[in-house]
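**Student:** Mind having a look at this structure? Questions to follow.
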Protein chains: 2
Amino acid sequence: MTPGTTSARPPGRPRTGVNPAVFAATLSTIHELGYARATVDRIAATAGVAKTTIYRRWPSKGALVVDCLLDAFGPVPVASGSRAQLVSSAIHWIAAKIGEPGVGDAFAGVFSDAVSDPTLREILATRLQEPYRLALQDALGEPENRVLLLIDVVVGTLLHRMGMTGEPMTDADVAALVEMVLPYFADDDGRPRRAVD
Amino acid sequence: MTPGTTSARPPGRPRTGVNPAVFAATLSTIHELGYARATVDRIAATAGVAKTTIYRRWPSKGALVVDCLLDAFGPVPVASGSRAQLVSSAIHWIAAKIGEPGVGDAFAGVFSDAVSDPTLREILATRLQEPYRLALQDALGEPENRVLLLIDVVVGTLLHRMGMTGEPMTDADVAALVEMVLPYFADDDGRPRRAVD
DNA sequence: TGGTTTCGCTACTTGGAGTATCGATACCTA
DNA sequence: TAGGTATCGATACTCCAAGTAGCGAAACCA
């Protein structure tokens, strides 16, 4: 292979694997201190990295946290089965993720910041929400507006509970949420409950 | 008793009616600039009041916004009718309130702050959520955990939509939300209707 | 060994939350 | 009309975190 064709490393000092360390430090620091007290200085110190290094890689604290959440959530889980199974497993999956230490706090915190920051809101909507929205639209065969409502209901509920109590939603309440949402999106036999317009 | 003992104004310079002005200025400033850019300095300037006056009356910006929301929401609407009518009207009521200019932004913003601020979270839960929770428990005859879930779902959904899009939820989506939630709380899912009608 | 790029460090700017102080003001009562 | 009292307005401050600038040092490749 001739060097430098496709994925050759560029010359210069390599970017050592700081991203995993920073992601881990971000979650643990947010878990310990909460979103607001988790300053970039502290995250950098925990990760064993200079603050300037973080700002060289992410334009803002919010963008860092969004990437951190992307890393924590991982790829879209492609489930198969009836519509009911799809919706149920998706809800349990996101609820479990948000329940992981630091993840819920980070999500709620960056969401809060995004309310007053259109740039961050764009990052959040494009990088975090859109992939999962598209996957759900594809898997469920539902129009965009219904999938958006589903996401609003599920994520909104989980974050509201997290924000009001400081604790993630219990399994029993997640089950109740599934029970509440499921009839609207899937019948027991997997057929759509109402005509899709 | 000397005249004016019971409900007499205390001596000294009267607290002129600044609260209404501050509330109005808070909502309009947040509506214009968003929660984060609506600094206390700016709110004070808009209200024609000194910043120190605001901090004499409220311990923090978050506490001010909570009181502002209390003022905007007004007293608990005591509705009557079937459980379905109660739930439906409550959802439409809170959706309309959150759709008012500035209210949704203020709510989402203070909610965001509360995530990392236990003091503010306490204020939010006690002063804002609890009265409506108790009223709903009483009206629906539901246990606390189910009413809390209802509030999480409804308010969480509305705030999530507000935060992700910057716009309040459309009437059509609010109707869909009602349709989704209502069977769980008002239909025959094993729980008897309340014999109120 | 030299070229290239990133890293760490220190120091800085910016901006908002919240505090301290003090004279001015508005109301009540005598 | 004078005095007591409590709030108001204005100014100036502290504190803290986000984000920036500049430079020498380190790490890799050829």
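Going through the structure tokens in order, the chains are called A, B, and so on, while each chain numbers its residues from 1 and the ligands are numbered from 1 in the order shown.
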RMSD over all C-alpha atoms, chain A superposed on chain B in order?
**Tutor:**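 The fitted C-alpha deviation between chain B and chain A is 2.9 Å.
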**Student:** Residues of chain A near chain C: apply a cut-off of 6 Å, count only C-alpha atoms (C1' of nucleotides), and supply the list as a list in words.
**Tutor:** Pro11, Gly12, Arg13 and Ala50 of chain A
**Student:** Hey, could you make a per-residue contact list for chain B against chain D with 12 Å as the cut-off, showing the nearest pair of atoms and its distance in Å to one decimal, counting only C-alpha atoms (C1' of nucleotides), sorted by chain and number, as a tab-separated table?
**Tutor:**
residue	atom	partner	partner_atom	distance
B:Arg9	CA	D:DA6	C1'	11.1
B:Pro10	CA	D:DA6	C1'	8.3
B:Pro11	CA	D:DT5	C1'	5.8
B:Gly12	CA	D:DA6	C1'	4.2
B:Arg13	CA	D:DT7	C1'	5.2
B:Pro14	CA	D:DT7	C1'	6.6
B:Arg15	CA	D:DT7	C1'	6.3
B:Thr16	CA	D:DT7	C1'	8.8
B:Gly17	CA	D:DT7	C1'	11.9
B:Val18	CA	D:DC8	C1'	10.7
B:Ala44	CA	D:DG9	C1'	11.4
B:Ala45	CA	D:DG9	C1'	11.7
B:Gly48	CA	D:DG9	C1'	10.3
B:Val49	CA	D:DG9	C1'	7.9
B:Ala50	CA	D:DG9	C1'	5.9
B:Lys51	CA	D:DG9	C1'	9.0
B:Thr52	CA	D:DG9	C1'	8.3
B:Thr53	CA	D:DC8	C1'	7.0
B:Ile54	CA	D:DC8	C1'	10.6
B:Arg56	CA	D:DT7	C1'	9.5
B:Arg57	CA	D:DT7	C1'	10.9
**Student:** Here is a test: counting only C-alpha atoms, which residue of B:Val40, B:Val76, B:Ile30, B:Leu140 is nearest to chain A?
**Tutor:** B:Ile30
**Student:** Give me the residues of chain B that have any atom at most 9 Å from an atom of chain A; for each, the nearest atom pair and the distance in Å, rounded to one decimal. Use only C-alpha atoms, sort by chain and number, and format it as CSV.
**Tutor:**
residue,atom,partner,partner_atom,distance
B:Leu33,CA,A:Ser116,CA,8.1
B:Gly34,CA,A:Ser116,CA,5.1
B:Tyr35,CA,A:Ser116,CA,5.7
B:Ala36,CA,A:Ser116,CA,5.6
B:Arg37,CA,A:Ser116,CA,7.4
B:Asp105,CA,A:Val115,CA,7.3
B:Ala108,CA,A:Ser112,CA,6.9
B:Gly109,CA,A:Ser112,CA,6.3
B:Val110,CA,A:Ser112,CA,8.6
B:Phe111,CA,A:Gly163,CA,7.1
B:Ser112,CA,A:Ser112,CA,4.4
B:Asp113,CA,A:Ser112,CA,7.3
B:Ala114,CA,A:Gly163,CA,6.9
B:Val115,CA,A:Gly163,CA,4.9
B:Ser116,CA,A:Gly34,CA,5.2
B:Asp117,CA,A:Ala36,CA,8.1
B:Pro118,CA,A:Gly166,CA,8.4
B:Arg121,CA,A:Met164,CA,6.4
B:Glu122,CA,A:Met164,CA,8.5
B:Leu124,CA,A:Met164,CA,8.0
B:Ala125,CA,A:Met164,CA,6.7
B:Asn145,CA,A:Asp173,CA,8.5
B:Arg146,CA,A:Asp173,CA,8.7
B:Leu148,CA,A:Arg161,CA,8.7
B:Leu149,CA,A:Asp173,CA,7.3
B:Ile151,CA,A:Thr157,CA,8.5
B:Asp152,CA,A:Thr157,CA,5.0
B:Val153,CA,A:Thr157,CA,4.6
B:Val154,CA,A:Thr157,CA,7.6
B:Val155,CA,A:His160,CA,7.5
B:Gly156,CA,A:Gly156,CA,4.1
B:Thr157,CA,A:Val153,CA,4.6
B:Leu158,CA,A:Asp152,CA,7.6
B:Leu159,CA,A:Gly156,CA,6.9
B:His160,CA,A:Gly156,CA,5.0
B:Arg161,CA,A:Asp152,CA,5.9
B:Met162,CA,A:Val115,CA,7.8
B:Gly163,CA,A:Val115,CA,4.9
B:Met164,CA,A:Arg121,CA,6.4
B:Thr165,CA,A:Arg121,CA,7.9
B:Gly166,CA,A:Val115,CA,7.0
B:Asp173,CA,A:Leu149,CA,7.3
B:Ala176,CA,A:Leu149,CA,8.4
B:Leu177,CA,A:Leu149,CA,7.9
B:Glu179,CA,A:Tyr184,CA,8.1
B:Met180,CA,A:Tyr184,CA,5.7
B:Val181,CA,A:Met180,CA,6.5
B:Leu182,CA,A:Met180,CA,8.8
B:Pro183,CA,A:Met180,CA,7.9
B:Tyr184,CA,A:Met180,CA,5.7
B:Phe185,CA,A:Met180,CA,8.9
**Student:** Quick check for you: according to DSSP on this backbone, which residues of range 23-190 of chain B are classed as helix (DSSP H, G or I)? Reply as JSON, numbers by chain.
**Tutor:** {"B": [23, 24, 25, 26, 27, 28, 29, 30, 31, 32, 33, 40, 41, 42, 43, 44, 45, 46, 47, 51, 52, 53, 54, 55, 56, 57, 61, 62, 63, 64, 65, 66, 67, 68, 69, 70, 71, 72, 73, 83, 84, 85, 86, 87, 88, 89, 90, 91, 92, 93, 94, 95, 96, 97, 98, 99, 103, 104, 105, 106, 107, 108, 109, 110, 111, 112, 113, 114, 115, 118, 119, 120, 121, 122, 123, 124, 125, 126, 127, 128, 129, 130, 131, 132, 133, 134, 135, 136, 137, 138, 139, 140, 144, 145, 146, 147, 148, 149, 150, 151, 152, 153, 154, 155, 156, 157, 158, 159, 160, 161, 162, 163, 164, 165, 171, 172, 173, 174, 175, 176, 177, 178, 179, 180, 181, 182, 183, 184, 185, 186]}
**Student:** Let me see the file: selected residues, C-alpha atoms, as a compact mmCIF listing (two decimals), in the first residue's frame.
**Tutor:**
# COMPACT_ATOMS: atom_id res chain seq x y z
CA PHE B 23 -42.86 39.25 37.23
CA ALA B 24 -43.84 40.91 33.99
CA ALA B 25 -40.27 41.96 33.32
CA THR B 26 -39.01 38.47 34.07
CA LEU B 27 -41.34 36.82 31.58
CA SER B 28 -40.85 39.39 28.86
CA THR B 29 -37.07 39.38 29.22
CA ILE B 30 -36.91 35.60 29.17
CA HIS B 31 -39.25 35.58 26.20
CA GLU B 32 -36.99 38.01 24.37
CA LEU B 33 -33.56 36.71 25.27
CA VAL B 40 -31.06 39.69 36.82
CA ASP B 41 -29.53 43.02 35.88
CA ARG B 42 -31.59 43.16 32.74
CA ILE B 43 -34.78 42.02 34.44
CA ALA B 44 -34.31 44.70 37.06
CA ALA B 45 -33.72 47.35 34.43
CA THR B 46 -36.82 46.31 32.51
CA ALA B 47 -38.88 46.38 35.69
CA LYS B 51 -31.05 44.70 41.20
CA THR B 52 -30.55 44.85 44.94
CA THR B 53 -34.28 45.17 45.40
CA ILE B 54 -34.78 41.88 43.61
CA TYR B 55 -32.20 40.15 45.77
CA ARG B 56 -33.86 41.55 48.86
CA ARG B 57 -37.06 39.74 47.93
CA LYS B 61 -32.72 33.99 40.24
CA GLY B 62 -34.26 30.53 40.29
CA ALA B 63 -36.48 31.36 43.25
CA LEU B 64 -37.61 34.51 41.46
CA VAL B 65 -38.56 32.53 38.38
CA VAL B 66 -40.44 29.96 40.44
CA ASP B 67 -42.50 32.71 42.05
CA CYS B 68 -42.99 34.22 38.63
CA LEU B 69 -44.33 30.91 37.35
CA LEU B 70 -46.59 30.57 40.36
CA ASP B 71 -47.98 33.98 39.53
CA ALA B 72 -48.39 33.07 35.89
CA PHE B 73 -50.06 29.74 36.55
CA ARG B 83 -61.98 11.47 35.31
CA ALA B 84 -61.40 11.74 31.60
CA GLN B 85 -62.59 15.32 31.56
CA LEU B 86 -60.44 16.15 34.56
CA VAL B 87 -57.28 14.73 33.05
CA SER B 88 -57.98 16.21 29.66
CA SER B 89 -58.68 19.68 30.94
CA ALA B 90 -55.66 19.61 33.21
CA ILE B 91 -53.37 18.72 30.32
CA HIS B 92 -54.85 21.38 28.06
CA TRP B 93 -54.56 23.91 30.87
CA ILE B 94 -50.88 23.31 31.58
CA ALA B 95 -50.07 23.08 27.87
CA ALA B 96 -51.70 26.45 27.29
CA LYS B 97 -49.83 27.98 30.21
CA ILE B 98 -46.49 26.66 29.00
CA GLY B 99 -47.32 28.01 25.56
CA VAL B 103 -43.56 30.84 30.44
CA GLY B 104 -42.25 27.76 28.70
CA ASP B 105 -38.74 29.17 28.47
CA ALA B 106 -38.83 30.18 32.10
CA PHE B 107 -40.10 26.79 33.18
CA ALA B 108 -37.54 24.86 31.16
CA GLY B 109 -34.77 27.17 32.31
CA VAL B 110 -35.50 26.99 36.00
CA PHE B 111 -36.02 23.27 35.69
CA SER B 112 -32.59 23.00 34.16
CA ASP B 113 -31.02 24.99 36.94
CA ALA B 114 -32.74 22.84 39.51
CA VAL B 115 -31.06 19.72 38.20
CA PRO B 118 -30.81 20.85 45.34
CA THR B 119 -32.00 24.02 47.04
CA LEU B 120 -33.76 25.19 43.95
CA ARG B 121 -35.09 21.71 43.30
CA GLU B 122 -36.68 21.75 46.72
CA ILE B 123 -38.30 25.10 46.00
CA LEU B 124 -39.55 23.87 42.66
CA ALA B 125 -40.96 20.64 44.04
CA THR B 126 -42.57 22.19 47.10
CA ARG B 127 -43.94 25.44 45.82
CA LEU B 128 -44.78 24.59 42.24
CA GLN B 129 -45.37 20.87 41.87
CA GLU B 130 -46.85 19.89 45.20
CA PRO B 131 -50.03 21.99 45.16
CA TYR B 132 -51.01 20.72 41.75
CA ARG B 133 -50.05 17.17 42.69
CA LEU B 134 -52.26 17.25 45.77
CA ALA B 135 -55.14 18.77 43.86
CA LEU B 136 -54.87 16.05 41.23
CA GLN B 137 -54.65 13.29 43.82
CA ASP B 138 -57.75 14.62 45.43
CA ALA B 139 -59.68 15.11 42.22
CA LEU B 140 -58.74 11.80 40.67
CA GLU B 144 -49.32 9.63 44.87
CA ASN B 145 -47.05 7.57 42.65
CA ARG B 146 -49.53 7.47 39.79
CA VAL B 147 -50.15 11.19 39.93
CA LEU B 148 -46.42 11.80 40.01
CA LEU B 149 -46.06 9.68 36.92
CA LEU B 150 -48.84 11.62 35.23
CA ILE B 151 -47.08 14.88 36.01
CA ASP B 152 -43.76 13.52 34.82
CA VAL B 153 -45.30 12.44 31.55
CA VAL B 154 -47.29 15.56 30.82
CA VAL B 155 -44.88 18.24 32.00
CA GLY B 156 -41.85 16.29 30.83
CA THR B 157 -43.28 15.95 27.36
CA LEU B 158 -44.20 19.61 27.09
CA LEU B 159 -40.82 20.78 28.35
CA HIS B 160 -38.91 18.35 26.16
CA ARG B 161 -40.68 19.63 23.10
CA MET B 162 -40.08 23.20 24.20
CA GLY B 163 -36.41 22.51 24.82
CA MET B 164 -35.73 20.62 21.63
CA THR B 165 -37.58 22.88 19.24
CA ASP B 171 -52.57 21.85 19.64
CA ALA B 172 -52.64 18.73 17.52
CA ASP B 173 -49.77 17.20 19.46
CA VAL B 174 -51.34 18.18 22.76
CA ALA B 175 -54.48 16.40 21.63
CA ALA B 176 -52.39 13.36 20.75
CA LEU B 177 -50.77 13.49 24.17
CA VAL B 178 -54.18 13.56 25.81
CA GLU B 179 -55.28 10.64 23.70
CA MET B 180 -52.20 8.71 24.73
CA VAL B 181 -52.40 9.41 28.43
CA LEU B 182 -56.11 9.34 28.96
CA PRO B 183 -56.82 5.62 28.68
CA TYR B 184 -54.27 4.91 31.34
CA PHE B 185 -55.92 7.21 33.82
CA ALA B 186 -59.55 7.27 32.91
**Student:** Hey, can you check how far CA of Gly102 in chain B sits from CA of Pro59 in chain B?
**Tutor:** 21.3 Å
**Student:** Hey, can you check how far CA of Val22 in chain A sits from CA of Pro101 in chain A?
**Tutor:**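 Those two atoms sit 15.5 Å apart.
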